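Comments concern the structure below.
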Amino acid sequence: MPQVNPEVFHAKVYDITRLIPHGRVTSYGHIARLTGHPAHSRLVGSALKFLQDPDVPWHRVISSSGAIADRGDGGEAAARQAHRLTQEGVTIIHGRGEGVTVDFAHPNPNAKYRINMALFGWFPDQVHLEGYDEPNDEQIQDSDSDLTEPSDDE
DNA sequence: TCGGCGGCGTACA
DNA sequence: CTGTACGCCGCCG
């Protein structure tokens, strides 16, 4: 397994996220798999967290359980995410039934938003990324040819 | 060096 | 269904 190149990994996460179709959702874990690092699901969330590029539809990435991840901020972030998805036509299951009107302006901290993954899930086995050698492989080539140097300078 | 802590995921009770 | 326990791995104190 190649080491994780943070910059490449983040770039891949953003590129893959950009490929999620309008009105569909996928999971952190699936994006991690598509980057070639299936065990880095948490890093996917981390990458999306400090995301600033408005061109990346971060709101289309949810937990594999179909629930919108709770950021522990009083439910505001999750509410925003649910709201944006609603605007895309994604049905948010809120509480006891589908199509329940949600007051996104006053999110309930205990509110949990779920999505029917069978309907809106987008889980391609593979995606084509431009600018990378191989979809599932980022071979560390000459980028770090400093192996002649022992790591004593750090 | 160590120990928590994540926009997680899976397995079980 | 909910709650707990781990594994995961980079980051930060």
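Quick note on naming: the chains in the structure tokens go A, B, ... in the order shown, residues restart at 1 in each chain, and ligands are numbered from 1 in order of appearance.
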Extract, using only C-alpha atoms (C1' of nucleotides), all DNA, RNA and protein residues at most 9 Å from Leu48 in chain A, discarding same-chain residues fewer than 2 positions from it, and format them as a short mmCIF file (atom, residue, chain, number, x, y, z; two decimals) with C-alpha atoms (C1' of nucleotides), in the first residue's frame.
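The resulting selection26.cif:
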```cif
data_model
loop_
_atom_site.label_atom_id
_atom_site.label_comp_id
_atom_site.auth_asym_id
_atom_site.auth_seq_id
_atom_site.Cartn_x
_atom_site.Cartn_y
_atom_site.Cartn_z
CA HIS A 10 -7.44 15.62 -0.75
CA VAL A 13 -11.57 13.42 -2.55
CA TYR A 14 -12.61 16.72 -4.05
CA LEU A 43 -9.88 11.43 6.51
CA VAL A 44 -12.49 11.98 3.85
CA GLY A 45 -14.64 13.71 6.41
CA SER A 46 -11.64 15.61 7.60
CA PHE A 50 -11.94 22.36 6.01
CA LEU A 51 -13.17 22.59 2.47
CA GLN A 52 -13.63 26.06 1.05
CA VAL A 56 -17.38 20.81 -4.35
CA TRP A 58 -19.76 18.30 0.13
CA VAL A 61 -21.52 12.98 1.22
"C1'" DG B 7 -18.45 15.23 9.19
#
```
Interface, chain A side, toward chain C (10 Å; only C-alpha atoms (C1' of nucleotides)) as a PDB file with C-alpha atoms, in the first residue's frame:
```pdb
ATOM      1  CA  VAL A   4      -1.006   8.538   1.756  1.00  0.00           C
ATOM      2  CA  PRO A   6      -2.152  14.230   1.764  1.00  0.00           C
ATOM      3  CA  PRO A  38     -10.501   2.192   1.911  1.00  0.00           C
ATOM      4  CA  ALA A  39      -9.415   2.658   5.502  1.00  0.00           C
ATOM      5  CA  HIS A  40      -9.343   6.417   5.290  1.00  0.00           C
ATOM      6  CA  SER A  41     -13.011   7.167   5.563  1.00  0.00           C
ATOM      7  CA  ARG A  42     -12.415   9.481   8.471  1.00  0.00           C
ATOM      8  CA  LEU A  43      -9.879  11.433   6.515  1.00  0.00           C
ATOM      9  CA  SER A  46     -11.641  15.606   7.597  1.00  0.00           C
TER      10      SER A  46
END
```
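Near Asn116 in chain A, within 12 Å and counting only C-alpha atoms (C1' of nucleotides), sit Arg24, Val25, Thr26, Ile62, Ser63, Ser64, Ser65, Gly66, Ala67, Ile68, Val90, Thr91, Ile92, Ile93, His94, Gly97, Glu98 and Trp122 of chain A, not including residues fewer than 6 positions from it in the same chain.
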Return the neighbours of chain A among the residues of chain B, cut-off 9 Å, counting only C-alpha atoms (C1' of nucleotides), as a PyMOL selection string. chain B and resi 6-9
Output the selection as a JSON list (two decimals), in the first residue's frame - all heavy atoms for each residue.
```json
[["chain", "number", "residue", "atom", "x", "y", "z"],
["B", 6, "DG", "P", -13.80, 15.08, 18.81],
["B", 6, "DG", "OP1", -13.77, 16.31, 18.00],
["B", 6, "DG", "OP2", -14.70, 14.92, 19.93],
["B", 6, "DG", "O5'", -14.06, 13.84, 17.86],
["B", 6, "DG", "C5'", -14.84, 13.95, 16.68],
["B", 6, "DG", "C4'", -14.07, 14.62, 15.60],
["B", 6, "DG", "O4'", -12.70, 14.12, 15.61],
["B", 6, "DG", "C3'", -14.58, 14.33, 14.21],
["B", 6, "DG", "O3'", -14.18, 15.38, 13.30],
["B", 6, "DG", "C2'", -13.87, 13.01, 13.87],
["B", 6, "DG", "C1'", -12.53, 13.23, 14.56],
["B", 6, "DG", "N9", -12.00, 11.97, 15.13],
["B", 6, "DG", "C8", -12.43, 11.35, 16.27],
["B", 6, "DG", "N7", -11.76, 10.26, 16.56],
["B", 6, "DG", "C5", -10.83, 10.17, 15.56],
["B", 6, "DG", "C6", -9.82, 9.19, 15.34],
["B", 6, "DG", "O6", -9.56, 8.19, 16.02],
["B", 6, "DG", "N1", -9.08, 9.47, 14.18],
["B", 6, "DG", "C2", -9.29, 10.56, 13.36],
["B", 6, "DG", "N2", -8.48, 10.64, 12.30],
["B", 6, "DG", "N3", -10.22, 11.46, 13.55],
["B", 6, "DG", "C4", -10.95, 11.21, 14.67],
["B", 7, "DG", "P", -15.03, 16.65, 12.96],
["B", 7, "DG", "OP1", -14.37, 17.30, 11.80],
["B", 7, "DG", "OP2", -15.36, 17.42, 14.13],
["B", 7, "DG", "O5'", -16.35, 15.97, 12.42],
["B", 7, "DG", "C5'", -16.18, 14.88, 11.55],
["B", 7, "DG", "C4'", -17.50, 14.31, 11.13],
["B", 7, "DG", "O4'", -18.35, 15.34, 10.62],
["B", 7, "DG", "C3'", -17.27, 13.35, 9.96],
["B", 7, "DG", "O3'", -18.32, 12.41, 9.93],
["B", 7, "DG", "C2'", -17.34, 14.28, 8.75],
["B", 7, "DG", "C1'", -18.45, 15.23, 9.19],
["B", 7, "DG", "N9", -18.26, 16.55, 8.59],
["B", 7, "DG", "C8", -17.73, 17.65, 9.18],
["B", 7, "DG", "N7", -17.69, 18.67, 8.38],
["B", 7, "DG", "C5", -18.24, 18.22, 7.19],
["B", 7, "DG", "C6", -18.47, 18.89, 5.97],
["B", 7, "DG", "O6", -18.22, 20.04, 5.68],
["B", 7, "DG", "N1", -19.04, 18.05, 5.04],
["B", 7, "DG", "C2", -19.36, 16.73, 5.24],
["B", 7, "DG", "N2", -19.88, 16.08, 4.21],
["B", 7, "DG", "N3", -19.14, 16.10, 6.38],
["B", 7, "DG", "C4", -18.59, 16.89, 7.30],
["B", 8, "DC", "P", -18.33, 11.11, 10.80],
["B", 8, "DC", "OP1", -19.59, 10.48, 10.53],
["B", 8, "DC", "OP2", -17.91, 11.36, 12.18],
["B", 8, "DC", "O5'", -17.20, 10.21, 10.14],
["B", 8, "DC", "C5'", -16.96, 10.22, 8.77],
["B", 8, "DC", "C4'", -16.68, 8.80, 8.29],
["B", 8, "DC", "O4'", -15.78, 8.20, 9.23],
["B", 8, "DC", "C3'", -17.92, 7.90, 8.25],
["B", 8, "DC", "O3'", -17.86, 7.09, 7.07],
["B", 8, "DC", "C2'", -17.81, 7.07, 9.49],
["B", 8, "DC", "C1'", -16.32, 6.95, 9.66],
["B", 8, "DC", "N1", -15.93, 6.76, 11.06],
["B", 8, "DC", "C2", -15.24, 5.60, 11.42],
["B", 8, "DC", "O2", -14.95, 4.79, 10.54],
["B", 8, "DC", "N3", -14.91, 5.41, 12.72],
["B", 8, "DC", "C4", -15.23, 6.31, 13.63],
["B", 8, "DC", "N4", -14.88, 6.06, 14.88],
["B", 8, "DC", "C5", -15.92, 7.50, 13.28],
["B", 8, "DC", "C6", -16.25, 7.69, 12.00],
["B", 9, "DG", "P", -18.94, 6.05, 6.73],
["B", 9, "DG", "OP1", -18.95, 5.92, 5.29],
["B", 9, "DG", "OP2", -20.15, 6.41, 7.48],
["B", 9, "DG", "O5'", -18.36, 4.69, 7.35],
["B", 9, "DG", "C5'", -17.11, 4.22, 6.91],
["B", 9, "DG", "C4'", -16.96, 2.75, 7.22],
["B", 9, "DG", "O4'", -16.52, 2.62, 8.60],
["B", 9, "DG", "C3'", -18.26, 1.95, 7.11],
["B", 9, "DG", "O3'", -17.94, 0.65, 6.64],
["B", 9, "DG", "C2'", -18.79, 1.95, 8.52],
["B", 9, "DG", "C1'", -17.51, 1.91, 9.34],
["B", 9, "DG", "N9", -17.60, 2.54, 10.65],
["B", 9, "DG", "C8", -18.26, 3.71, 10.96],
["B", 9, "DG", "N7", -18.16, 4.04, 12.22],
["B", 9, "DG", "C5", -17.39, 3.02, 12.77],
["B", 9, "DG", "C6", -16.94, 2.82, 14.11],
["B", 9, "DG", "O6", -17.15, 3.53, 15.10],
["B", 9, "DG", "N1", -16.19, 1.66, 14.24],
["B", 9, "DG", "C2", -15.90, 0.80, 13.21],
["B", 9, "DG", "N2", -15.17, -0.25, 13.52],
["B", 9, "DG", "N3", -16.30, 0.98, 11.96],
["B", 9, "DG", "C4", -17.05, 2.10, 11.81]]
```
How would you write, as a VMD selection string, the set of residues in range 8-154 of chain A that DSSP gives as alpha helix (DSSP H)? chain A and resid 8 to 19 28 to 35 41 to 49 76 to 87 117 to 120
Dump of C-alpha atoms for the selected residues, as a PDB file, in the first residue's frame:
```
ATOM      1  CA  VAL A   8      -3.124  13.939  -3.645  1.00  0.00           C
ATOM      2  CA  PHE A   9      -5.625  12.371  -1.316  1.00  0.00           C
ATOM      3  CA  HIS A  10      -7.443  15.624  -0.746  1.00  0.00           C
ATOM      4  CA  ALA A  11      -7.448  16.403  -4.430  1.00  0.00           C
ATOM      5  CA  LYS A  12      -8.909  13.011  -5.195  1.00  0.00           C
ATOM      6  CA  VAL A  13     -11.568  13.421  -2.546  1.00  0.00           C
ATOM      7  CA  TYR A  14     -12.610  16.716  -4.048  1.00  0.00           C
ATOM      8  CA  ASP A  15     -12.551  15.408  -7.590  1.00  0.00           C
ATOM      9  CA  ILE A  16     -14.626  12.391  -6.690  1.00  0.00           C
ATOM     10  CA  THR A  17     -17.053  14.469  -4.697  1.00  0.00           C
ATOM     11  CA  ARG A  18     -17.495  16.697  -7.709  1.00  0.00           C
ATOM     12  CA  LEU A  19     -18.611  13.667  -9.685  1.00  0.00           C
ATOM     13  CA  TYR A  28     -17.385   8.850   3.191  1.00  0.00           C
ATOM     14  CA  GLY A  29     -16.295   5.256   3.108  1.00  0.00           C
ATOM     15  CA  HIS A  30     -17.114   4.853  -0.553  1.00  0.00           C
ATOM     16  CA  ILE A  31     -15.124   7.907  -1.488  1.00  0.00           C
ATOM     17  CA  ALA A  32     -12.273   6.496   0.553  1.00  0.00           C
ATOM     18  CA  ARG A  33     -12.475   3.296  -1.480  1.00  0.00           C
ATOM     19  CA  LEU A  34     -12.493   5.219  -4.748  1.00  0.00           C
ATOM     20  CA  THR A  35      -9.327   7.014  -3.728  1.00  0.00           C
ATOM     21  CA  SER A  41     -13.011   7.167   5.563  1.00  0.00           C
ATOM     22  CA  ARG A  42     -12.415   9.481   8.471  1.00  0.00           C
ATOM     23  CA  LEU A  43      -9.879  11.433   6.515  1.00  0.00           C
ATOM     24  CA  VAL A  44     -12.486  11.975   3.855  1.00  0.00           C
ATOM     25  CA  GLY A  45     -14.637  13.710   6.409  1.00  0.00           C
ATOM     26  CA  SER A  46     -11.641  15.606   7.597  1.00  0.00           C
ATOM     27  CA  ALA A  47     -10.850  16.730   4.088  1.00  0.00           C
ATOM     28  CA  LEU A  48     -14.392  17.900   3.506  1.00  0.00           C
ATOM     29  CA  LYS A  49     -14.444  19.690   6.804  1.00  0.00           C
ATOM     30  CA  GLU A  76     -27.006  23.428  12.393  1.00  0.00           C
ATOM     31  CA  ALA A  77     -24.519  21.992   9.949  1.00  0.00           C
ATOM     32  CA  ALA A  78     -26.568  18.837   9.514  1.00  0.00           C
ATOM     33  CA  ALA A  79     -29.673  20.939   9.025  1.00  0.00           C
ATOM     34  CA  ARG A  80     -27.968  23.001   6.339  1.00  0.00           C
ATOM     35  CA  GLN A  81     -26.849  19.855   4.622  1.00  0.00           C
ATOM     36  CA  ALA A  82     -30.321  18.369   4.779  1.00  0.00           C
ATOM     37  CA  HIS A  83     -31.770  21.576   3.448  1.00  0.00           C
ATOM     38  CA  ARG A  84     -29.443  21.680   0.470  1.00  0.00           C
ATOM     39  CA  LEU A  85     -30.196  18.078  -0.337  1.00  0.00           C
ATOM     40  CA  THR A  86     -33.878  18.808  -0.121  1.00  0.00           C
ATOM     41  CA  GLN A  87     -33.426  21.534  -2.683  1.00  0.00           C
ATOM     42  CA  MET A 117     -29.677   5.000   0.054  1.00  0.00           C
ATOM     43  CA  ALA A 118     -31.406   2.525  -2.214  1.00  0.00           C
ATOM     44  CA  LEU A 119     -33.099   5.459  -3.906  1.00  0.00           C
ATOM     45  CA  PHE A 120     -30.540   8.241  -3.828  1.00  0.00           C
TER      46      PHE A 120
END
```
Spatial neighbours of Asn108 in chain A, 9 Å, only C-alpha atoms (C1' of nucleotides), chain gap at least 4 places, as a PyMOL selection string: chain A and resi 74-76+79+103-104+112
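Interatomic distance, C1' of DA11 in chain B to CA of Ile115 in chain A: 22.2 Å.
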So which residues of range 27-133 of chain A fall under strand (DSSP E) by DSSP, listed as an mmCIF file with all heavy atoms, in the first residue's frame?
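Wrote it out as selection_19.cif, contents follow:
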```
data_model
loop_
_atom_site.group_PDB
_atom_site.id
_atom_site.type_symbol
_atom_site.label_atom_id
_atom_site.label_comp_id
_atom_site.auth_asym_id
_atom_site.auth_seq_id
_atom_site.Cartn_x
_atom_site.Cartn_y
_atom_site.Cartn_z
ATOM 1 N N SER A 27 -21.213 7.890 0.336
ATOM 2 C CA SER A 27 -20.724 7.861 1.714
ATOM 3 C C SER A 27 -19.235 8.198 1.782
ATOM 4 O O SER A 27 -18.516 8.116 0.790
ATOM 5 C CB SER A 27 -20.952 6.488 2.336
ATOM 6 O OG SER A 27 -20.092 5.535 1.744
ATOM 7 N N VAL A 61 -22.265 14.046 0.553
ATOM 8 C CA VAL A 61 -21.523 12.976 1.216
ATOM 9 C C VAL A 61 -22.076 12.784 2.616
ATOM 10 O O VAL A 61 -22.099 13.718 3.421
ATOM 11 C CB VAL A 61 -20.022 13.312 1.304
ATOM 12 C CG1 VAL A 61 -19.260 12.125 1.881
ATOM 13 C CG2 VAL A 61 -19.482 13.683 -0.066
ATOM 14 N N ILE A 62 -22.553 11.577 2.872
ATOM 15 C CA ILE A 62 -23.154 11.285 4.177
ATOM 16 C C ILE A 62 -22.577 9.971 4.719
ATOM 17 O O ILE A 62 -21.710 9.363 4.105
ATOM 18 C CB ILE A 62 -24.693 11.181 4.062
ATOM 19 C CG1 ILE A 62 -25.068 9.972 3.221
ATOM 20 C CG2 ILE A 62 -25.271 12.454 3.472
ATOM 21 C CD1 ILE A 62 -26.559 9.773 3.108
ATOM 22 N N ILE A 92 -35.625 13.691 2.457
ATOM 23 C CA ILE A 92 -35.043 13.547 3.782
ATOM 24 C C ILE A 92 -36.066 12.896 4.707
ATOM 25 O O ILE A 92 -37.202 13.365 4.826
ATOM 26 C CB ILE A 92 -34.647 14.923 4.358
ATOM 27 C CG1 ILE A 92 -33.697 15.643 3.414
ATOM 28 C CG2 ILE A 92 -34.038 14.744 5.738
ATOM 29 C CD1 ILE A 92 -32.371 14.945 3.227
ATOM 30 N N ILE A 93 -35.635 11.817 5.297
ATOM 31 C CA ILE A 93 -36.504 11.153 6.267
ATOM 32 C C ILE A 93 -36.209 11.763 7.624
ATOM 33 O O ILE A 93 -35.119 11.608 8.169
ATOM 34 C CB ILE A 93 -36.241 9.646 6.296
ATOM 35 C CG1 ILE A 93 -36.374 9.051 4.896
ATOM 36 C CG2 ILE A 93 -37.201 8.967 7.266
ATOM 37 C CD1 ILE A 93 -35.929 7.607 4.785
ATOM 38 N N HIS A 94 -37.176 12.461 8.109
ATOM 39 C CA HIS A 94 -36.986 13.173 9.361
ATOM 40 C C HIS A 94 -37.987 12.659 10.377
ATOM 41 O O HIS A 94 -39.185 12.795 10.197
ATOM 42 C CB HIS A 94 -37.163 14.671 9.147
ATOM 43 C CG HIS A 94 -37.057 15.473 10.389
ATOM 44 N ND1 HIS A 94 -38.138 16.051 11.006
ATOM 45 C CD2 HIS A 94 -35.988 15.772 11.151
ATOM 46 C CE1 HIS A 94 -37.718 16.696 12.087
ATOM 47 N NE2 HIS A 94 -36.436 16.547 12.207
ATOM 48 N N GLY A 97 -41.505 9.950 9.407
ATOM 49 C CA GLY A 97 -41.962 9.672 8.049
ATOM 50 C C GLY A 97 -41.235 10.489 7.021
ATOM 51 O O GLY A 97 -40.446 11.360 7.349
ATOM 52 N N GLU A 98 -41.481 10.175 5.803
ATOM 53 C CA GLU A 98 -40.842 10.920 4.738
ATOM 54 C C GLU A 98 -41.637 12.175 4.427
ATOM 55 O O GLU A 98 -42.835 12.230 4.656
ATOM 56 C CB GLU A 98 -40.755 10.049 3.482
ATOM 57 C CG GLU A 98 -40.040 8.750 3.730
ATOM 58 C CD GLU A 98 -39.901 7.936 2.476
ATOM 59 O OE1 GLU A 98 -40.235 8.465 1.407
ATOM 60 O OE2 GLU A 98 -39.476 6.767 2.576
ATOM 61 N N TYR A 113 -31.383 13.183 10.496
ATOM 62 C CA TYR A 113 -31.840 13.181 9.104
ATOM 63 C C TYR A 113 -31.314 11.926 8.423
ATOM 64 O O TYR A 113 -30.142 11.605 8.495
ATOM 65 C CB TYR A 113 -31.313 14.421 8.386
ATOM 66 C CG TYR A 113 -31.613 15.705 9.125
ATOM 67 C CD1 TYR A 113 -30.665 16.282 9.954
ATOM 68 C CD2 TYR A 113 -32.852 16.317 8.997
ATOM 69 C CE1 TYR A 113 -30.936 17.465 10.641
ATOM 70 C CE2 TYR A 113 -33.137 17.492 9.675
ATOM 71 C CZ TYR A 113 -32.165 18.057 10.491
ATOM 72 O OH TYR A 113 -32.446 19.223 11.157
ATOM 73 N N ARG A 114 -32.196 11.231 7.755
ATOM 74 C CA ARG A 114 -31.799 10.008 7.070
ATOM 75 C C ARG A 114 -32.227 10.064 5.615
ATOM 76 O O ARG A 114 -33.153 10.758 5.246
ATOM 77 C CB ARG A 114 -32.407 8.791 7.756
ATOM 78 C CG ARG A 114 -31.846 8.578 9.161
ATOM 79 C CD ARG A 114 -32.373 7.311 9.804
ATOM 80 N NE ARG A 114 -33.848 7.279 9.845
ATOM 81 C CZ ARG A 114 -34.586 6.482 9.101
ATOM 82 N NH1 ARG A 114 -33.991 5.650 8.251
ATOM 83 N NH2 ARG A 114 -35.886 6.491 9.218
ATOM 84 N N ILE A 115 -31.518 9.268 4.830
ATOM 85 C CA ILE A 115 -31.796 9.239 3.395
ATOM 86 C C ILE A 115 -31.864 7.788 2.934
ATOM 87 O O ILE A 115 -31.067 6.952 3.372
ATOM 88 C CB ILE A 115 -30.690 9.985 2.618
ATOM 89 C CG1 ILE A 115 -30.706 11.472 2.984
ATOM 90 C CG2 ILE A 115 -30.878 9.814 1.122
ATOM 91 C CD1 ILE A 115 -29.494 12.223 2.499
#
```
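Take CA of Gly36 in chain A and C1' of DG3 in chain B: the distance between them is 28.5 Å.
Across the model, the gap from CA of Gly95 in chain A to CA of Ala111 in chain A is 7.4 Å.
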